[in-house]
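*Asks:* Below are the structure tokens for one structure; questions will follow.
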Amino acid sequence: MDYFDLHCDTVLRLQDGSDLSDADAHINLRKARPLERWAQVFALFVQDNAPGTDTAYDAYRRLHAIFLRQMRLHSDKLVFCRGAKELTAAFSHGKRAALLSVENGAVLGGRLERLEELRRDGVRLLTLTWMGENELGCGGEAGGPLTEFGRAVVRALPQYGIIPDISHLSDEGVADVFALTEGPVVATHSNVRRITGHHRNLTHKQIREITRRGGLIGINLCSPFLTDDKALASCDNVYRHLDAFLSLGAQDTVCFGADFDGAPIPGDIRDIGGIPVLYEYLLGRGLPQALLQKVFFENALQFWQRVF
Ligand SMILES: [Zn+2]
């Protein structure tokens, strides 16, 4: 089976010097072997800046160096892709595709000119905030609108070929993004709030608007975003969220952003090696194969082909 995933924190796990081939992580190349075509967005996650510092940017540079080193070490199996042509070429050579995002606009340190650096680095998605408050605005936990700087970033992103990612962003911030741009918007790793009432999940209105714009929404396998139950979620909870997305007309929008290496994953999936288990489960629940091919792969691939 094919798999296209919009979000993982695996690069963070490689900071200890472990290698992507066999790292003790949700994602490594060995665990991903059952997948045929596989594209993975690797997020470079940084914490918010302490006031008056540039720590997020320094962390970004360190993580980016780790990412590039892994790309070099595994160039026989894995190709860093910026655009759709590179993706197609990677797959035609039987290789895996690695894509790049930044989780937390704090990397910009309040400097718009850093977007050019992100563009040069091949970053395609920018998660505007994390949980708290940064130079751009507020996460869902903090709550509040975009700042002037955040508004300037959203307006500038299209000229750098970077798509805004509203996962983590407050509802006020999301409304600002929709008002500031007519282009596609993505939510790389968020679920349906009406199913699981967490601020990290999306309202029906947000889901419909992302869908209307031809964006993408990645289903997050983080247990607390899949169920209110204190126990770990299961494939059944994933089914419920997927079913809700489909009932909102998001069949061309919904895909996966599993949050591997950043979240507690359902016990019956465990890690990327369990993605075929999830696929078989959803097939068993009566979802057609052609639909699942879209959700697991084609929707995100077609987005890349359309936008990049
Ligand atoms: Zn996240």
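The way I read the labels, and the way they are meant: chains A, B, ... in the order of the structure tokens, residue 1 as the first residue of every chain, and ligand 1 as the first ligand shown, with later ones counted on from there.
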Around ligand 1, out to 7 Å and counting only C-alpha atoms and all ligand atoms, which residues are there? I want them as a list in words.

*Replies:*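 Those residues are Glu103, Trp130, His168, His189 and Asp259 of chain A.
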
*Asks:* Store the residues picked out above in a file with N, CA and C atoms, as a PDB file, in the first residue's frame.

*Replies:*
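The result, stored in out08.pdb:
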ATOM      1  N   GLU A 103       7.453  23.410  12.229  1.00  0.00           N
ATOM      2  CA  GLU A 103       6.363  23.511  13.198  1.00  0.00           C
ATOM      3  C   GLU A 103       6.720  24.589  14.207  1.00  0.00           C
ATOM      4  N   TRP A 130       2.717  27.152  17.858  1.00  0.00           N
ATOM      5  CA  TRP A 130       2.554  25.887  18.590  1.00  0.00           C
ATOM      6  C   TRP A 130       1.477  26.138  19.625  1.00  0.00           C
ATOM      7  N   HIS A 168      -2.734  23.665  15.518  1.00  0.00           N
ATOM      8  CA  HIS A 168      -2.266  24.343  16.742  1.00  0.00           C
ATOM      9  C   HIS A 168      -2.796  25.769  16.886  1.00  0.00           C
ATOM     10  N   HIS A 189      -2.093  18.171  11.105  1.00  0.00           N
ATOM     11  CA  HIS A 189      -2.325  17.093  12.083  1.00  0.00           C
ATOM     12  C   HIS A 189      -3.390  17.522  13.091  1.00  0.00           C
ATOM     13  N   ASP A 259       1.491  12.329  13.314  1.00  0.00           N
ATOM     14  CA  ASP A 259       2.178  12.839  14.515  1.00  0.00           C
ATOM     15  C   ASP A 259       3.074  11.766  15.131  1.00  0.00           C
TER      16      ASP A 259
END

*Asks:* What's around region 2-15 of chain A at 6 Å? Count only C-alpha atoms, leave out sequence neighbours fewer than 3 positions away in its own chain, and write the answer as a list in words.

*Replies:*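 Listing them by chain and then by number gives Ser18, Leu35, Glu36, Arg37, Trp38, Ala39, Gln40, Val41, Phe42, Ala43, Thr188, Phe256, Gly257, Asp259, Phe260, Asp261, Gly262, Phe296 and Phe297 of chain A.
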
*Asks:* Restrict the calculation to only C-alpha atoms, then for each residue of region 204-273 of chain A with any atom at most 12 Å from an atom of region 145-166 of chain A give the closest atom pair and their distance in Å to one decimal, rows by chain and rising residue number, as a tab-separated table.

*Replies:*
residue	atom	partner	partner_atom	distance
A:Gln206	CA	A:Ile166	CA	9.9
A:Ile207	CA	A:Ile166	CA	11.2
A:Ile210	CA	A:Ile166	CA	9.9
A:Gly214	CA	A:Ile163	CA	11.9
A:Gly215	CA	A:Ile163	CA	9.3
A:Leu216	CA	A:Asp165	CA	9.3
A:Ile217	CA	A:Asp165	CA	9.4
A:Gly218	CA	A:Asp165	CA	10.6
A:Gly257	CA	A:Asp165	CA	11.7

*Asks:* Could you pull the residues within 9 Å of Gly267 (chain A), counting only C-alpha atoms, minus those fewer than 2 positions along the same chain, as a VMD selection string?

*Replies:* chain A and resid 232 to 235 264 to 265 269 to 271

*Asks:* Any chance you could export the current selection's N, CA and C atoms as a JSON list (two decimals), in the first residue's frame?

*Replies:*
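Output file result_31.json follows:
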[["chain", "number", "residue", "atom", "x", "y", "z"],
["A", 232, "LEU", "N", -5.72, 4.62, 25.70],
["A", 232, "LEU", "CA", -5.26, 4.85, 24.33],
["A", 232, "LEU", "C", -6.41, 4.64, 23.36],
["A", 233, "ALA", "N", -6.42, 5.42, 22.30],
["A", 233, "ALA", "CA", -7.42, 5.25, 21.25],
["A", 233, "ALA", "C", -7.13, 3.97, 20.46],
["A", 234, "SER", "N", -8.01, 3.69, 19.50],
["A", 234, "SER", "CA", -7.82, 2.50, 18.65],
["A", 234, "SER", "C", -8.21, 2.86, 17.22],
["A", 235, "CYS", "N", -8.06, 1.90, 16.32],
["A", 235, "CYS", "CA", -8.44, 2.11, 14.92],
["A", 235, "CYS", "C", -9.89, 2.57, 14.82],
["A", 264, "PRO", "N", 1.23, 9.96, 21.69],
["A", 264, "PRO", "CA", 0.88, 8.58, 22.04],
["A", 264, "PRO", "C", -0.04, 7.99, 20.97],
["A", 265, "ILE", "N", 0.41, 6.94, 20.32],
["A", 265, "ILE", "CA", -0.27, 6.36, 19.15],
["A", 265, "ILE", "C", -1.15, 5.19, 19.61],
["A", 269, "ILE", "N", -2.04, 0.33, 16.39],
["A", 269, "ILE", "CA", -1.27, 0.85, 15.26],
["A", 269, "ILE", "C", 0.22, 0.93, 15.64],
["A", 270, "ARG", "N", 0.49, 1.47, 16.80],
["A", 270, "ARG", "CA", 1.86, 1.51, 17.40],
["A", 270, "ARG", "C", 2.84, 2.44, 16.71],
["A", 271, "ASP", "N", 3.09, 2.23, 15.42],
["A", 271, "ASP", "CA", 4.08, 3.05, 14.72],
["A", 271, "ASP", "C", 3.82, 2.94, 13.22]]

*Asks:* When DSSP works through the backbone of this structure, what residues of region 99-248 of chain A end up as strand (DSSP E), shown as a ChimeraX atom specification?

*Replies:* /A:99-103,123-127,163-165,186-187,216-219

*Asks:* As a list in words, please: every residue in region 7-77 of chain A that DSSP puts in helix (DSSP H, G or I).

*Replies:*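 For region 7-77 of chain A, the helix (DSSP H, G or I) set is Thr10, Val11, Leu12, Arg13, Leu14, Gln15, Asp16, Thr55, Ala56, Tyr57, Asp58, Ala59, Tyr60, Arg61, Arg62, Leu63, His64, Ala65, Ile66, Phe67, Leu68, Arg69, Gln70, Met71, Arg72 and Leu73 of chain A.
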
*Asks:* With N, CA and C atoms retained, write the just-selected residues as a PDB file, in the first residue's frame.

*Replies:*
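The resulting file, result-v2.pdb, is reproduced below:
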ATOM      1  N   THR A  10       9.953  13.092  13.917  1.00  0.00           N
ATOM      2  CA  THR A  10      11.041  12.117  14.003  1.00  0.00           C
ATOM      3  C   THR A  10      12.428  12.770  14.053  1.00  0.00           C
ATOM      4  N   VAL A  11      12.589  13.908  13.379  1.00  0.00           N
ATOM      5  CA  VAL A  11      13.924  14.540  13.375  1.00  0.00           C
ATOM      6  C   VAL A  11      14.362  14.889  14.803  1.00  0.00           C
ATOM      7  N   LEU A  12      13.380  15.250  15.646  1.00  0.00           N
ATOM      8  CA  LEU A  12      13.693  15.524  17.062  1.00  0.00           C
ATOM      9  C   LEU A  12      14.324  14.303  17.720  1.00  0.00           C
ATOM     10  N   ARG A  13      13.789  13.130  17.357  1.00  0.00           N
ATOM     11  CA  ARG A  13      14.267  11.881  17.964  1.00  0.00           C
ATOM     12  C   ARG A  13      15.682  11.540  17.518  1.00  0.00           C
ATOM     13  N   LEU A  14      16.102  12.123  16.384  1.00  0.00           N
ATOM     14  CA  LEU A  14      17.429  11.796  15.855  1.00  0.00           C
ATOM     15  C   LEU A  14      18.510  12.696  16.438  1.00  0.00           C
ATOM     16  N   GLN A  15      18.079  13.626  17.318  1.00  0.00           N
ATOM     17  CA  GLN A  15      19.046  14.531  17.944  1.00  0.00           C
ATOM     18  C   GLN A  15      20.069  13.801  18.801  1.00  0.00           C
ATOM     19  N   ASP A  16      19.677  12.611  19.285  1.00  0.00           N
ATOM     20  CA  ASP A  16      20.600  11.863  20.154  1.00  0.00           C
ATOM     21  C   ASP A  16      21.639  11.100  19.341  1.00  0.00           C
ATOM     22  N   THR A  55      16.248  31.632  20.182  1.00  0.00           N
ATOM     23  CA  THR A  55      16.518  30.206  20.405  1.00  0.00           C
ATOM     24  C   THR A  55      15.807  29.297  19.404  1.00  0.00           C
ATOM     25  N   ALA A  56      14.609  29.700  18.942  1.00  0.00           N
ATOM     26  CA  ALA A  56      13.857  28.859  18.002  1.00  0.00           C
ATOM     27  C   ALA A  56      14.628  28.737  16.687  1.00  0.00           C
ATOM     28  N   TYR A  57      15.192  29.851  16.227  1.00  0.00           N
ATOM     29  CA  TYR A  57      15.953  29.830  14.979  1.00  0.00           C
ATOM     30  C   TYR A  57      17.198  28.945  15.119  1.00  0.00           C
ATOM     31  N   ASP A  58      17.900  29.072  16.223  1.00  0.00           N
ATOM     32  CA  ASP A  58      19.097  28.244  16.447  1.00  0.00           C
ATOM     33  C   ASP A  58      18.721  26.760  16.457  1.00  0.00           C
ATOM     34  N   ALA A  59      17.599  26.441  17.105  1.00  0.00           N
ATOM     35  CA  ALA A  59      17.136  25.045  17.147  1.00  0.00           C
ATOM     36  C   ALA A  59      16.798  24.564  15.738  1.00  0.00           C
ATOM     37  N   TYR A  60      16.174  25.437  14.955  1.00  0.00           N
ATOM     38  CA  TYR A  60      15.825  25.090  13.570  1.00  0.00           C
ATOM     39  C   TYR A  60      17.080  24.742  12.770  1.00  0.00           C
ATOM     40  N   ARG A  61      18.108  25.574  12.901  1.00  0.00           N
ATOM     41  CA  ARG A  61      19.344  25.322  12.132  1.00  0.00           C
ATOM     42  C   ARG A  61      19.961  23.979  12.528  1.00  0.00           C
ATOM     43  N   ARG A  62      19.933  23.668  13.822  1.00  0.00           N
ATOM     44  CA  ARG A  62      20.486  22.379  14.286  1.00  0.00           C
ATOM     45  C   ARG A  62      19.688  21.207  13.698  1.00  0.00           C
ATOM     46  N   LEU A  63      18.342  21.302  13.767  1.00  0.00           N
ATOM     47  CA  LEU A  63      17.496  20.208  13.270  1.00  0.00           C
ATOM     48  C   LEU A  63      17.620  20.063  11.760  1.00  0.00           C
ATOM     49  N   HIS A  64      17.726  21.193  11.074  1.00  0.00           N
ATOM     50  CA  HIS A  64      17.850  21.149   9.625  1.00  0.00           C
ATOM     51  C   HIS A  64      19.141  20.432   9.213  1.00  0.00           C
ATOM     52  N   ALA A  65      20.205  20.669   9.961  1.00  0.00           N
ATOM     53  CA  ALA A  65      21.483  19.998   9.669  1.00  0.00           C
ATOM     54  C   ALA A  65      21.334  18.485   9.871  1.00  0.00           C
ATOM     55  N   ILE A  66      20.626  18.082  10.920  1.00  0.00           N
ATOM     56  CA  ILE A  66      20.391  16.648  11.168  1.00  0.00           C
ATOM     57  C   ILE A  66      19.585  16.049  10.012  1.00  0.00           C
ATOM     58  N   PHE A  67      18.543  16.766   9.592  1.00  0.00           N
ATOM     59  CA  PHE A  67      17.700  16.301   8.481  1.00  0.00           C
ATOM     60  C   PHE A  67      18.553  16.105   7.219  1.00  0.00           C
ATOM     61  N   LEU A  68      19.356  17.108   6.864  1.00  0.00           N
ATOM     62  CA  LEU A  68      20.161  17.017   5.639  1.00  0.00           C
ATOM     63  C   LEU A  68      21.171  15.875   5.714  1.00  0.00           C
ATOM     64  N   ARG A  69      21.760  15.678   6.888  1.00  0.00           N
ATOM     65  CA  ARG A  69      22.735  14.602   7.057  1.00  0.00           C
ATOM     66  C   ARG A  69      22.048  13.248   6.810  1.00  0.00           C
ATOM     67  N   GLN A  70      20.841  13.077   7.328  1.00  0.00           N
ATOM     68  CA  GLN A  70      20.104  11.830   7.119  1.00  0.00           C
ATOM     69  C   GLN A  70      19.760  11.632   5.643  1.00  0.00           C
ATOM     70  N   MET A  71      19.439  12.730   4.965  1.00  0.00           N
ATOM     71  CA  MET A  71      19.137  12.641   3.529  1.00  0.00           C
ATOM     72  C   MET A  71      20.371  12.158   2.759  1.00  0.00           C
ATOM     73  N   ARG A  72      21.532  12.681   3.136  1.00  0.00           N
ATOM     74  CA  ARG A  72      22.781  12.262   2.473  1.00  0.00           C
ATOM     75  C   ARG A  72      23.084  10.798   2.771  1.00  0.00           C
ATOM     76  N   LEU A  73      22.938  10.405   4.046  1.00  0.00           N
ATOM     77  CA  LEU A  73      23.281   9.033   4.453  1.00  0.00           C
ATOM     78  C   LEU A  73      22.394   7.995   3.763  1.00  0.00           C
TER      79      LEU A  73
END

*Asks:* Looking at only C-alpha atoms, which of A:Lys77, A:Val107, A:Cys222, A:Asp252 is the one that sits closest to Gly94 (chain A)?

*Replies:*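 With only C-alpha atoms as the atom set, the closest residue is A:Lys77.
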
*Asks:* CA of Arg114 (chain A) and CA of Gly140 (chain A), how far apart in Å?

*Replies:*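 One can read the CA of Gly140 (chain A) to CA of Arg114 (chain A) distance as 24.7 Å.
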
*Asks:* List the spatial neighbours of Leu278 (chain A) as number ranges by chain - criterion: any atom at most 12 Å away, only C-alpha atoms, same-chain residues fewer than 2 positions off excluded.

*Replies:* A: 1, 3, 221, 234-239, 242, 256, 258, 265-276, 280-285, 287, 292, 295-296

*Asks:* Could you list, as a ChimeraX atom specification, every residue within 8 Å of Ala244 (chain A), counting only C-alpha atoms and ignoring same-chain residues fewer than 3 positions away?

*Replies:* /A:192,195,240-241,247-248

*Asks:* Kindly save the residues from that selection, with C-alpha atoms included, as a PDB file, in the first residue's frame.

*Replies:*
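The resulting selection_10.pdb:
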ATOM      1  CA  VAL A 192     -12.794  16.708  14.266  1.00  0.00           C
ATOM      2  CA  ILE A 195     -16.081  14.032  17.833  1.00  0.00           C
ATOM      3  CA  ARG A 240     -15.068   7.803  13.576  1.00  0.00           C
ATOM      4  CA  HIS A 241     -13.024  10.892  12.756  1.00  0.00           C
ATOM      5  CA  SER A 247     -19.736  13.327   5.944  1.00  0.00           C
ATOM      6  CA  LEU A 248     -18.576  16.956   5.696  1.00  0.00           C
TER       7      LEU A 248
END

*Asks:* Quick check, in Å to one decimal: how far apart do CA of Thr253 (chain A) and CA of Gly137 (chain A) lie?

*Replies:*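 Rounded to one decimal, the two atoms are 25.5 Å apart.
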
*Asks:* Between CA of Pro288 (chain A) and CA of Phe303 (chain A), what is the distance, to one decimal in Å?

*Replies:*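 Interatomic distance, CA of Pro288 (chain A) to CA of Phe303 (chain A): 21.1 Å.
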